[in-house]
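File shown here: work.cif, holding mmCIF, C-alpha atoms and all ligand atoms.
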data_query
loop_
_atom_site.label_atom_id
_atom_site.label_comp_id
_atom_site.auth_asym_id
_atom_site.auth_seq_id
_atom_site.Cartn_x
_atom_site.Cartn_y
_atom_site.Cartn_z
CA MET G 1 0.00 0.00 0.00
CA HIS G 2 1.47 3.35 -1.03
CA ALA G 3 1.68 5.61 2.01
CA GLY G 4 4.18 8.24 0.81
CA GLU G 5 6.37 10.43 2.96
CA HIS G 6 3.50 11.57 5.22
CA GLY G 7 1.75 8.22 5.68
CA HIS G 8 -1.02 9.13 3.23
CA GLU G 9 -1.19 10.42 -0.33
CA PRO G 10 -3.89 13.05 -0.93
CA VAL G 11 -6.36 11.66 -3.48
CA MET G 12 -7.34 13.58 -6.65
CA LEU G 13 -5.55 16.68 -5.47
CA ASP G 14 -5.65 18.64 -8.74
CA GLN G 15 -9.36 17.95 -9.25
CA VAL G 16 -10.12 19.00 -5.65
CA LEU G 17 -8.29 22.28 -6.20
CA SER G 18 -10.11 22.89 -9.47
CA ILE G 19 -13.46 22.55 -7.67
CA LEU G 20 -12.50 24.55 -4.59
CA GLN G 21 -10.53 27.27 -6.45
CA PRO G 22 -8.85 28.56 -3.25
CA ARG G 23 -7.95 32.23 -3.65
CA PRO G 24 -5.63 34.42 -1.56
CA GLY G 25 -7.32 35.70 1.58
CA GLU G 26 -10.20 33.21 1.62
CA VAL G 27 -11.28 30.97 4.48
CA ALA G 28 -11.37 27.18 4.01
CA LEU G 29 -12.45 24.29 6.19
CA ASP G 30 -10.87 20.88 5.78
CA CYS G 31 -13.30 18.54 7.56
CA THR G 32 -10.93 15.57 7.31
CA THR G 33 -7.46 17.04 7.62
CA GLY G 34 -5.78 13.65 8.07
CA ARG G 35 -2.07 13.95 7.32
CA GLY G 36 -2.54 17.41 5.84
CA GLY G 37 -1.94 16.66 2.15
CA HIS G 38 -4.98 18.49 0.75
CA ALA G 39 -4.72 21.04 3.57
CA GLN G 40 -1.14 21.93 2.63
CA ALA G 41 -2.05 22.53 -1.02
CA ILE G 42 -5.10 24.62 -0.05
CA ALA G 43 -3.07 26.65 2.46
CA ASP G 44 -0.45 27.39 -0.22
CA ARG G 45 -3.18 28.99 -2.33
CA LEU G 46 -4.89 30.90 0.51
CA GLY G 47 -1.61 32.65 1.29
CA PRO G 48 -0.77 34.80 4.33
CA ALA G 49 -4.12 36.62 4.33
CA GLY G 50 -6.10 33.37 4.28
CA THR G 51 -7.34 31.11 7.07
CA LEU G 52 -7.56 27.33 7.08
CA LEU G 53 -9.69 25.58 9.69
CA CYS G 54 -8.45 22.02 10.14
CA VAL G 55 -10.77 19.39 11.64
CA ASP G 56 -10.19 15.71 12.33
CA SER G 57 -11.80 13.24 14.71
CA ASP G 58 -8.44 11.53 15.21
CA PRO G 59 -6.25 13.69 17.47
CA GLU G 60 -3.09 11.90 16.31
CA ASN G 61 -3.61 12.71 12.64
CA LEU G 62 -4.57 16.26 13.61
CA ALA G 63 -1.34 16.64 15.62
CA TYR G 64 0.63 15.37 12.62
CA ALA G 65 -1.07 17.88 10.32
CA ARG G 66 -0.39 20.68 12.80
CA ARG G 67 3.34 19.90 12.69
CA ARG G 68 3.27 19.62 8.90
CA LEU G 69 1.49 22.95 8.46
CA GLU G 70 3.51 24.77 11.12
CA HIS G 71 5.58 26.73 8.60
CA THR G 72 2.87 27.65 6.10
CA ALA G 73 2.15 31.34 5.81
CA THR G 74 -1.62 30.82 6.15
CA ASN G 75 -3.30 31.13 9.51
CA CYS G 76 -4.10 27.46 10.30
CA ARG G 77 -6.34 26.59 13.23
CA PHE G 78 -6.91 23.06 14.49
CA PHE G 79 -10.04 21.49 15.97
CA HIS G 80 -10.42 17.98 17.31
CA ALA G 81 -14.02 17.37 16.28
CA ASN G 82 -16.32 15.16 14.27
CA PHE G 83 -17.38 16.87 11.05
CA ALA G 84 -20.95 16.44 12.24
CA GLU G 85 -19.98 19.29 14.60
CA ILE G 86 -18.84 21.84 12.00
CA SER G 87 -21.28 24.47 13.19
CA ASP G 88 -19.65 24.26 16.66
CA VAL G 89 -16.24 24.54 15.00
CA LEU G 90 -17.28 27.70 13.15
CA LEU G 91 -18.68 29.10 16.37
CA ALA G 92 -15.43 28.34 18.21
CA ALA G 93 -13.49 29.96 15.34
CA GLY G 94 -15.72 33.06 15.59
CA MET G 95 -16.91 32.68 12.01
CA GLU G 96 -20.38 32.49 10.59
CA ARG G 97 -19.80 31.49 6.96
CA ILE G 98 -16.70 30.55 5.02
CA ASP G 99 -15.57 30.21 1.39
CA MET G 100 -15.00 26.47 0.93
CA ILE G 101 -15.31 23.07 2.54
CA LEU G 102 -13.50 19.83 1.75
CA ALA G 103 -14.40 16.38 3.07
CA ASP G 104 -12.17 13.45 2.08
CA LEU G 105 -14.05 10.61 3.75
CA GLY G 106 -12.93 7.39 5.38
CA VAL G 107 -9.54 6.60 6.82
CA SER G 108 -5.96 7.49 5.94
CA THR G 109 -3.39 4.92 4.88
CA ASN G 110 -1.36 5.32 8.08
CA GLN G 111 -4.51 4.58 10.13
CA LEU G 112 -5.09 1.39 8.15
CA LEU G 113 -1.48 0.33 8.61
CA THR G 114 -1.09 1.22 12.30
CA SER G 115 -2.12 -1.76 14.40
CA ARG G 116 -3.27 0.37 17.35
CA TYR G 117 -6.39 1.45 15.42
CA GLY G 118 -7.29 -2.20 14.78
CA LEU G 119 -8.65 -1.44 11.30
CA GLY G 120 -6.79 -4.05 9.29
CA PHE G 121 -6.09 -7.73 9.47
CA SER G 122 -2.72 -8.01 7.73
CA VAL G 123 -1.24 -7.67 11.23
CA ASP G 124 -3.15 -9.22 14.14
CA SER G 125 -4.21 -6.33 16.41
CA PRO G 126 -6.85 -5.46 19.01
CA LEU G 127 -10.28 -5.28 17.37
CA ASP G 128 -10.90 -1.60 18.09
CA MET G 129 -11.48 0.59 14.96
CA ARG G 130 -12.22 3.83 16.87
CA LEU G 131 -10.65 6.86 15.18
CA ASP G 132 -11.96 9.23 17.84
CA PRO G 133 -10.97 8.36 21.42
CA ARG G 134 -14.23 9.99 22.62
CA LEU G 135 -16.17 7.03 21.20
CA THR G 136 -17.24 4.53 23.82
CA HIS G 137 -17.82 1.37 21.75
CA SER G 138 -15.11 -0.55 19.93
CA ALA G 139 -15.60 -3.10 17.16
CA ALA G 140 -14.94 -5.87 19.71
CA ASP G 141 -17.87 -4.49 21.78
CA LEU G 142 -20.20 -4.68 18.75
CA VAL G 143 -19.05 -8.19 17.84
CA ARG G 144 -19.58 -9.26 21.48
CA THR G 145 -22.98 -7.70 22.12
CA LEU G 146 -25.04 -7.44 18.92
CA SER G 147 -27.54 -10.18 18.11
CA GLU G 148 -27.03 -12.37 15.05
CA LYS G 149 -29.73 -10.40 13.20
CA GLN G 150 -28.22 -7.04 14.18
CA LEU G 151 -24.76 -8.16 13.04
CA GLY G 152 -26.08 -9.51 9.74
CA ASP G 153 -28.03 -6.30 9.06
CA LEU G 154 -25.07 -4.10 9.97
CA ILE G 155 -22.71 -6.02 7.65
CA PHE G 156 -25.18 -6.09 4.77
CA GLN G 157 -26.36 -2.50 5.05
CA ASN G 158 -22.87 -1.01 5.32
CA SER G 159 -21.05 -3.14 2.75
CA GLN G 160 -23.63 -5.10 0.72
CA GLU G 161 -21.69 -8.26 1.70
CA ARG G 162 -23.74 -11.07 0.18
CA PHE G 163 -22.61 -13.57 2.83
CA SER G 164 -23.60 -11.25 5.71
CA ARG G 165 -26.01 -13.74 7.32
CA ARG G 166 -23.52 -16.58 7.13
CA ILE G 167 -20.79 -14.40 8.65
CA ALA G 168 -23.07 -13.20 11.46
CA ARG G 169 -24.08 -16.82 12.25
CA LYS G 170 -20.43 -17.89 12.44
CA ILE G 171 -19.46 -14.96 14.68
CA VAL G 172 -22.27 -15.78 17.12
CA GLU G 173 -21.36 -19.47 17.09
CA VAL G 174 -17.66 -18.82 17.79
CA ARG G 175 -18.19 -16.16 20.50
CA LYS G 176 -20.21 -18.66 22.60
CA THR G 177 -16.98 -20.50 23.34
CA SER G 178 -14.17 -18.01 22.70
CA PRO G 179 -14.29 -14.21 22.94
CA ILE G 180 -13.26 -12.37 19.74
CA HIS G 181 -10.61 -9.82 20.68
CA THR G 182 -8.38 -9.40 17.63
CA THR G 183 -8.58 -8.52 13.95
CA GLY G 184 -6.79 -11.76 13.04
CA GLN G 185 -9.38 -13.85 14.92
CA LEU G 186 -12.26 -12.05 13.22
CA ALA G 187 -10.71 -12.33 9.74
CA ALA G 188 -10.20 -16.08 10.27
CA ILE G 189 -13.85 -16.48 11.37
CA ILE G 190 -15.09 -14.61 8.28
CA ARG G 191 -12.90 -16.68 5.96
CA SER G 192 -14.12 -19.88 7.59
CA ALA G 193 -17.73 -18.73 7.02
CA VAL G 194 -17.38 -17.79 3.35
CA GLY G 195 -14.42 -19.86 2.18
CA PRO G 196 -11.04 -18.73 0.86
CA THR G 197 -10.70 -15.58 -1.22
CA PRO G 198 -10.70 -16.43 -4.96
CA PHE G 199 -7.42 -15.46 -6.66
CA GLY G 200 -7.27 -11.81 -7.67
CA GLN G 201 -10.29 -10.73 -5.60
CA ILE G 202 -10.33 -8.57 -2.46
CA ASP G 203 -9.92 -10.54 0.75
CA SER G 204 -13.23 -12.06 1.87
CA ALA G 205 -12.89 -10.25 5.22
CA THR G 206 -12.50 -6.76 3.72
CA ARG G 207 -16.20 -5.88 3.37
CA THR G 208 -17.11 -7.00 6.89
CA PHE G 209 -14.23 -4.98 8.32
CA GLN G 210 -15.41 -1.93 6.39
CA ALA G 211 -18.96 -2.42 7.68
CA LEU G 212 -17.82 -2.65 11.30
CA ARG G 213 -15.56 0.39 10.94
CA MET G 214 -18.47 2.39 9.54
CA ALA G 215 -20.68 1.37 12.47
CA VAL G 216 -18.06 1.99 15.17
CA ASN G 217 -17.35 5.49 13.84
CA ASN G 218 -20.98 6.35 12.96
CA GLU G 219 -19.71 7.20 9.51
CA LEU G 220 -22.99 7.55 7.61
CA THR G 221 -24.86 9.44 10.34
CA SER G 222 -21.92 11.84 10.76
CA LEU G 223 -21.78 12.39 7.00
CA GLN G 224 -25.52 13.08 6.84
CA SER G 225 -25.29 15.59 9.72
CA MET G 226 -22.38 17.34 8.04
CA LEU G 227 -24.28 17.52 4.73
CA ASN G 228 -27.33 18.94 6.54
CA THR G 229 -25.20 21.72 8.03
CA LEU G 230 -23.02 22.47 5.02
CA PRO G 231 -25.23 24.94 3.09
CA ASN G 232 -25.51 27.17 6.16
CA ALA G 233 -21.74 27.16 6.62
CA LEU G 234 -20.89 28.58 3.20
CA LYS G 235 -20.94 32.15 1.93
CA PRO G 236 -22.58 33.02 -1.38
CA ALA G 237 -20.38 31.50 -4.14
CA GLY G 238 -18.89 29.10 -1.58
CA ARG G 239 -17.58 25.78 -2.87
CA ALA G 240 -17.75 22.25 -1.47
CA ALA G 241 -15.90 19.11 -2.54
CA VAL G 242 -16.52 15.63 -1.14
CA ILE G 243 -14.49 12.50 -1.89
CA SER G 244 -16.19 9.23 -1.01
CA PHE G 245 -14.88 5.69 -1.16
CA HIS G 246 -17.97 3.49 -1.23
CA SER G 247 -21.48 3.56 -2.61
CA GLY G 248 -23.22 4.21 0.74
CA GLU G 249 -21.31 7.44 1.22
CA ASP G 250 -21.53 8.51 -2.42
CA ARG G 251 -25.30 8.05 -2.44
CA LEU G 252 -25.74 10.45 0.50
CA VAL G 253 -23.45 13.03 -1.12
CA LYS G 254 -25.19 12.77 -4.50
CA GLN G 255 -28.66 13.05 -2.95
CA ALA G 256 -27.70 16.06 -0.81
CA MET G 257 -26.11 17.93 -3.73
CA ARG G 258 -29.08 17.23 -6.02
CA GLN G 259 -31.45 18.50 -3.34
CA TRP G 260 -29.44 21.71 -2.87
CA GLN G 261 -29.48 22.26 -6.62
CA THR G 262 -33.23 21.57 -6.83
CA ASP G 263 -33.73 24.10 -4.04
CA GLY G 264 -31.79 26.66 -6.08
CA LEU G 265 -28.97 26.80 -3.55
CA CYS G 266 -26.11 25.60 -5.70
CA LYS G 267 -24.89 24.42 -9.05
CA ILE G 268 -23.43 20.93 -9.33
CA LEU G 269 -19.94 21.11 -10.88
CA THR G 270 -19.67 17.34 -11.40
CA PRO G 271 -22.79 15.96 -13.17
CA LYS G 272 -20.92 12.63 -12.96
CA PRO G 273 -18.51 12.05 -10.11
CA LEU G 274 -14.85 12.57 -11.01
CA THR G 275 -12.56 9.58 -10.58
CA PRO G 276 -8.77 9.30 -10.43
CA ASP G 277 -6.84 8.74 -13.66
CA GLU G 278 -4.76 5.64 -14.37
CA LEU G 279 -1.55 7.35 -13.38
CA GLU G 280 -2.95 7.99 -9.91
CA THR G 281 -4.52 4.56 -9.41
CA GLY G 282 -1.25 2.98 -10.58
CA ARG G 283 0.75 5.05 -8.09
CA ASN G 284 -1.80 4.83 -5.28
CA PRO G 285 -4.12 1.79 -5.57
CA ARG G 286 -6.17 3.00 -2.57
CA SER G 287 -7.46 5.82 -4.76
CA ARG G 288 -9.22 3.34 -7.08
CA SER G 289 -12.64 3.59 -5.43
CA ALA G 290 -12.57 7.39 -4.98
CA LYS G 291 -15.46 9.49 -6.29
CA LEU G 292 -15.25 13.26 -6.13
CA ARG G 293 -18.32 15.50 -6.27
CA GLY G 294 -18.36 19.26 -6.12
CA VAL G 295 -20.78 22.18 -5.99
CA ILE G 296 -20.68 25.96 -6.03
CA PHE G 297 -23.34 27.79 -4.07
CA SER G 298 -25.27 30.61 -5.63
CA GLY G 299 -23.71 34.02 -5.48
CA PRO G 300 -22.02 36.76 -7.43
CA GLN G 301 -18.90 34.77 -8.37
CA ALA G 302 -20.61 31.50 -9.28
CA ALA G 303 -20.05 32.12 -12.99
CA ASP G 304 -16.25 32.34 -12.56
CA VAL G 305 -15.75 28.65 -11.82
CA PRO G 306 -15.44 26.42 -14.90
CA MET G 307 -18.07 23.69 -15.12
CA ASN G 308 -17.24 20.28 -16.52
C1 LIG N 1 -8.89 9.95 3.89
S1 LIG N 1 -8.29 10.67 5.34
C2 LIG N 1 -7.97 12.34 4.87
C3 LIG N 1 -6.62 12.55 4.30
C4 LIG N 1 -6.26 13.99 4.01
N1 LIG N 1 -7.13 14.58 3.04
C5 LIG N 1 -4.82 14.12 3.59
O1 LIG N 1 -4.55 14.61 2.49
O2 LIG N 1 -3.94 13.72 4.36
C6 LIG N 1 -9.71 10.85 6.32
C7 LIG N 1 -9.47 11.54 7.65
O3 LIG N 1 -10.75 11.90 8.14
C8 LIG N 1 -10.83 11.63 9.50
N2 LIG N 1 -12.26 11.41 9.77
C9 LIG N 1 -13.01 10.33 9.45
N3 LIG N 1 -14.28 10.53 9.83
C10 LIG N 1 -14.33 11.77 10.40
C11 LIG N 1 -15.37 12.54 10.96
N4 LIG N 1 -16.63 12.09 11.05
N5 LIG N 1 -15.08 13.77 11.42
C12 LIG N 1 -13.80 14.26 11.34
N6 LIG N 1 -12.78 13.56 10.82
C13 LIG N 1 -13.05 12.33 10.34
C14 LIG N 1 -9.94 10.43 9.72
O4 LIG N 1 -9.48 10.39 11.05
C15 LIG N 1 -8.82 10.69 8.72
O5 LIG N 1 -7.77 11.40 9.33
#

Represent the structure contained in this file as structure tokens.
Ligand SMILES: C[S@@+](CC[C@H](N)C(=O)[O-])C[C@H]1O[C@@H](n2cnc3c(N)ncnc32)[C@H](O)[C@@H]1O
Amino acid sequence: MHAGEHGHEPVMLDQVLSILQPRPGEVALDCTTGRGGHAQAIADRLGPAGTLLCVDSDPENLAYARRRLEHTATNCRFFHANFAEISDVLLAAGMERIDMILADLGVSTNQLLTSRYGLGFSVDSPLDMRLDPRLTHSAADLVRTLSEKQLGDLIFQNSQERFSRRIARKIVEVRKTSPIHTTGQLAAIIRSAVGPTPFGQIDSATRTFQALRMAVNNELTSLQSMLNTLPNALKPAGRAAVISFHSGEDRLVKQAMRQWQTDGLCKILTPKPLTPDELETGRNPRSRSAKLRGVIFSGPQAADVPMN
């Protein structure tokens, strides 16, 4: 997995910048600052008169980004928050409306590769998955306490895993005799429920891990709350760009943007979602599932931004 110098490669950077069009002196909010790759490029364009508000639910990634952005000329401010809380962030920053918002959803490569987060199964690690230490329930808690039906529904709804029922049944059967504490244990249980991964396909445990991660971190409900707040956070002619990595997220983003456009609030800049080119997917295979959507809200400068 390509992690680059900073532990994560920003995805579709040029396309993000062409949607957001950061200009000197503007104010931007990066909802998912991560390792600061997109943030750095945005800050470079906002210049010394600009302000960049950096949010992340993972304090460790936020601390990394703070160090990375320390020497940029832009005024960067950092907030440990869930992006569902962006109105509180703006309040804390003393701002009502800003010029642009970026959300690059999901997890960063370093989070996937660091065993402490318990997100992956290539290294056996505690089955945790919490990005935000404020969260009270880990993946191990869900696997221990949910009923077979609840587990099956969660796996199917979050990842469309077609063997969700079989996997849930196996988890419940195994946990009766041995508690499931680690990512390696869970991956082995999933593989024993659905059989070995056919050559060339993604590991049979991948979808269930994604589904659990989404549930632990309340990913879809947080995204929906952020989308509900977003129009009130932007100035006239404000821009928003959202990168999603699976169909559940992309559906919410597409629906929200269409509704804003129907309500006359914005113009969609990406009638079809943008995707990374072959050069990028070759260099950074994690970018393969990325879909980028962008909008510009109504206002005096809306005509300046090129549509595609
Ligand atoms: C794909 S990474 C972003 C990478 C970043 N754009 C960069 O260039 O380094 C996603 C980041 O969003 C954070 N995150 C995920 N869900 C979040 C949420 N609901 N609120 C705030 N941050 C979130 C993760 O902790 C992670 O650092």

### Message
One decimal, in Å: what's the spacing between atom CA of Arg286 of chain G and atom CA of Val107 of chain G?
### Response
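About the pair atom CA of Arg286 of chain G and atom CA of Val107 of chain G: they are 10.6 Å apart.
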
### Message
Here's a test: counting all atoms listed in the file, identify every protein, DNA and RNA residue with an atom at most 7 Å from (0.1, 31.4, 6.7) in the file's coordinate frame, and state them as a list in words.
### Response
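Here the neighbourhood of the point contains Gly47, Pro48, Gly50, Thr72, Ala73, Thr74, Asn75 and Cys76 of chain G.
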
Selection above as a file: C-alpha atoms, as a CSV table (one decimal), keeping the file's coordinate frame:
chain,number,residue,atom,x,y,z
G,47,GLY,CA,-1.6,32.6,1.3
G,48,PRO,CA,-0.8,34.8,4.3
G,50,GLY,CA,-6.1,33.4,4.3
G,72,THR,CA,2.9,27.6,6.1
G,73,ALA,CA,2.2,31.3,5.8
G,74,THR,CA,-1.6,30.8,6.2
G,75,ASN,CA,-3.3,31.1,9.5
G,76,CYS,CA,-4.1,27.5,10.3

List every residue of chain G that has an atom at most 8 Å from any atom of ligand LIG 1 (chain N), giving for each one its closest atom pair and the distance in Å to one decimal, counting all atoms listed in the file, sorted by chain and then by ascending residue number, as JSON lines.
{"residue": "G:His6", "atom": "CA", "partner": "N:LIG1", "partner_atom": "O2", "distance": 7.8}
{"residue": "G:His8", "atom": "CA", "partner": "N:LIG1", "partner_atom": "O2", "distance": 5.6}
{"residue": "G:Glu9", "atom": "CA", "partner": "N:LIG1", "partner_atom": "O1", "distance": 6.1}
{"residue": "G:Pro10", "atom": "CA", "partner": "N:LIG1", "partner_atom": "O1", "distance": 3.8}
{"residue": "G:Val11", "atom": "CA", "partner": "N:LIG1", "partner_atom": "O1", "distance": 6.9}
{"residue": "G:Asp30", "atom": "CA", "partner": "N:LIG1", "partner_atom": "N1", "distance": 7.8}
{"residue": "G:Cys31", "atom": "CA", "partner": "N:LIG1", "partner_atom": "C12", "distance": 5.7}
{"residue": "G:Thr32", "atom": "CA", "partner": "N:LIG1", "partner_atom": "O3", "distance": 3.8}
{"residue": "G:Thr33", "atom": "CA", "partner": "N:LIG1", "partner_atom": "C4", "distance": 4.9}
{"residue": "G:Gly34", "atom": "CA", "partner": "N:LIG1", "partner_atom": "O5", "distance": 3.3}
{"residue": "G:Arg35", "atom": "CA", "partner": "N:LIG1", "partner_atom": "O2", "distance": 3.5}
{"residue": "G:Gly36", "atom": "CA", "partner": "N:LIG1", "partner_atom": "O2", "distance": 4.2}
{"residue": "G:Gly37", "atom": "CA", "partner": "N:LIG1", "partner_atom": "O1", "distance": 3.3}
{"residue": "G:His38", "atom": "CA", "partner": "N:LIG1", "partner_atom": "O1", "distance": 4.3}
{"residue": "G:Ala39", "atom": "CA", "partner": "N:LIG1", "partner_atom": "O1", "distance": 6.5}
{"residue": "G:Val55", "atom": "CA", "partner": "N:LIG1", "partner_atom": "C12", "distance": 6.0}
{"residue": "G:Asp56", "atom": "CA", "partner": "N:LIG1", "partner_atom": "N6", "distance": 3.7}
{"residue": "G:Ser57", "atom": "CA", "partner": "N:LIG1", "partner_atom": "N6", "distance": 4.0}
{"residue": "G:Asp58", "atom": "CA", "partner": "N:LIG1", "partner_atom": "O4", "distance": 4.4}
{"residue": "G:Pro59", "atom": "CA", "partner": "N:LIG1", "partner_atom": "O4", "distance": 7.9}
{"residue": "G:Asn61", "atom": "CA", "partner": "N:LIG1", "partner_atom": "O5", "distance": 5.5}
{"residue": "G:Leu62", "atom": "CA", "partner": "N:LIG1", "partner_atom": "O5", "distance": 7.2}
{"residue": "G:Ala65", "atom": "CA", "partner": "N:LIG1", "partner_atom": "O2", "distance": 7.8}
{"residue": "G:His80", "atom": "CA", "partner": "N:LIG1", "partner_atom": "C12", "distance": 7.8}
{"residue": "G:Ala81", "atom": "CA", "partner": "N:LIG1", "partner_atom": "C12", "distance": 5.8}
{"residue": "G:Asn82", "atom": "CA", "partner": "N:LIG1", "partner_atom": "N5", "distance": 3.4}
{"residue": "G:Phe83", "atom": "CA", "partner": "N:LIG1", "partner_atom": "N5", "distance": 3.9}
{"residue": "G:Ala84", "atom": "CA", "partner": "N:LIG1", "partner_atom": "N4", "distance": 6.2}
{"residue": "G:Ala103", "atom": "CA", "partner": "N:LIG1", "partner_atom": "N1", "distance": 7.5}
{"residue": "G:Asp104", "atom": "CA", "partner": "N:LIG1", "partner_atom": "C1", "distance": 5.1}
{"residue": "G:Leu105", "atom": "CA", "partner": "N:LIG1", "partner_atom": "C6", "distance": 5.0}
{"residue": "G:Gly106", "atom": "CA", "partner": "N:LIG1", "partner_atom": "C6", "distance": 4.8}
{"residue": "G:Val107", "atom": "CA", "partner": "N:LIG1", "partner_atom": "C6", "distance": 4.3}
{"residue": "G:Ser108", "atom": "CA", "partner": "N:LIG1", "partner_atom": "S1", "distance": 4.0}
{"residue": "G:Thr109", "atom": "CA", "partner": "N:LIG1", "partner_atom": "C1", "distance": 7.5}
{"residue": "G:Gln111", "atom": "CA", "partner": "N:LIG1", "partner_atom": "O5", "distance": 7.6}
{"residue": "G:Leu131", "atom": "CA", "partner": "N:LIG1", "partner_atom": "O4", "distance": 5.6}
{"residue": "G:Asp132", "atom": "CA", "partner": "N:LIG1", "partner_atom": "O4", "distance": 7.3}
{"residue": "G:Asn217", "atom": "CA", "partner": "N:LIG1", "partner_atom": "N3", "distance": 7.1}
{"residue": "G:Asn218", "atom": "CA", "partner": "N:LIG1", "partner_atom": "N4", "distance": 7.5}
{"residue": "G:Glu219", "atom": "CA", "partner": "N:LIG1", "partner_atom": "N4", "distance": 6.0}
{"residue": "G:Ser222", "atom": "CA", "partner": "N:LIG1", "partner_atom": "N4", "distance": 5.3}
{"residue": "G:Leu223", "atom": "CA", "partner": "N:LIG1", "partner_atom": "N4", "distance": 6.6}

### Query
Hey, what's within 10 Å of Val216 of chain G if we count only C-alpha atoms and toss same-chain stuff fewer than 5 positions away? As JSON, numbers by chain, please?
{"G": [128, 129, 130, 131, 132, 135, 136, 137, 138, 139, 140, 141, 142, 210, 211]}

### Query
Using all atoms listed in the file, which of the listed residues (G:Gln150, G:Ser87, G:Asn232, G:Thr206) sits closest to Gly120 of chain G?
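Ranked by minimum distance to Gly120 of chain G, first place goes to G:Thr206.
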
### Message
Please report the interatomic distance between atom CA of Pro133 of chain G and atom CA of Lys291 of chain G in Å with one decimal.
### Response
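Between atom CA of Pro133 of chain G and atom CA of Lys291 of chain G the gap is 28.1 Å.
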
### Task
Quick one: everything within 7 Å of Ala168 of chain G, counting only C-alpha atoms, minus sequence neighbours fewer than 4 positions away in the same chain. Send it as a ChimeraX atom specification.
/G:148,151-152,164,172

### Task
Have a look at G:Gln185, G:Ser298, G:Thr51, G:Thr262 and name the one nearest to Ser122 of chain G; count all atoms listed in the file.
G:Gln185

### Message
Taking all atoms listed in the file into account, name the residue in G:Ala63, G:Ile268, G:Ala215, G:Ala290 that is nearest to Ile243 of chain G.
### Response
G:Ala290

### Query
So which one's closest to Arg77 of chain G, G:Cys54, G:Glu280, G:Thr208, G:Glu161? Using all atoms listed in the file, please.
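The shortest atom-to-atom distance to Arg77 of chain G comes from G:Cys54.
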
#### Entry: Residue nearest Leu13 of chain G among G:Thr275, G:Lys235, G:Ser289, G:Arg66 (counting all atoms listed in the file)
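Counting all atoms listed in the file, the residue closest to Leu13 of chain G is G:Thr275.
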
### Message
Just want the 12 Å neighbourhood of Ala188 of chain G, counted on all atoms listed in the file, with same-chain residues fewer than 4 positions away dropped. Output as a ChimeraX atom specification.
### Response
/G:121-122,124,167,170-171,174,180,182-184,192-197,203-206,208-209

Would you mind exporting the chosen residues as an mmCIF file, in the frame of the given file, restricted to C-alpha atoms?
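What landed in result.cif:
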data_model
loop_
_atom_site.group_PDB
_atom_site.id
_atom_site.type_symbol
_atom_site.label_atom_id
_atom_site.label_comp_id
_atom_site.auth_asym_id
_atom_site.auth_seq_id
_atom_site.Cartn_x
_atom_site.Cartn_y
_atom_site.Cartn_z
ATOM 1 C CA PHE G 121 -6.090 -7.730 9.470
ATOM 2 C CA SER G 122 -2.720 -8.010 7.730
ATOM 3 C CA ASP G 124 -3.150 -9.220 14.140
ATOM 4 C CA ILE G 167 -20.790 -14.400 8.650
ATOM 5 C CA LYS G 170 -20.430 -17.890 12.440
ATOM 6 C CA ILE G 171 -19.460 -14.960 14.680
ATOM 7 C CA VAL G 174 -17.660 -18.820 17.790
ATOM 8 C CA ILE G 180 -13.260 -12.370 19.740
ATOM 9 C CA THR G 182 -8.380 -9.400 17.630
ATOM 10 C CA THR G 183 -8.580 -8.520 13.950
ATOM 11 C CA GLY G 184 -6.790 -11.760 13.040
ATOM 12 C CA SER G 192 -14.120 -19.880 7.590
ATOM 13 C CA ALA G 193 -17.730 -18.730 7.020
ATOM 14 C CA VAL G 194 -17.380 -17.790 3.350
ATOM 15 C CA GLY G 195 -14.420 -19.860 2.180
ATOM 16 C CA PRO G 196 -11.040 -18.730 0.860
ATOM 17 C CA THR G 197 -10.700 -15.580 -1.220
ATOM 18 C CA ASP G 203 -9.920 -10.540 0.750
ATOM 19 C CA SER G 204 -13.230 -12.060 1.870
ATOM 20 C CA ALA G 205 -12.890 -10.250 5.220
ATOM 21 C CA THR G 206 -12.500 -6.760 3.720
ATOM 22 C CA THR G 208 -17.110 -7.000 6.890
ATOM 23 C CA PHE G 209 -14.230 -4.980 8.320
#

### Task
Find, counting all atoms listed in the file, the residue in G:Ile202, G:Val295, G:Ala49, G:Leu127 that gets nearest to Gln259 of chain G.
G:Val295

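Separating atom CA of Asn284 of chain G from atom CA of Ser115 of chain G is a distance of 20.8 Å.
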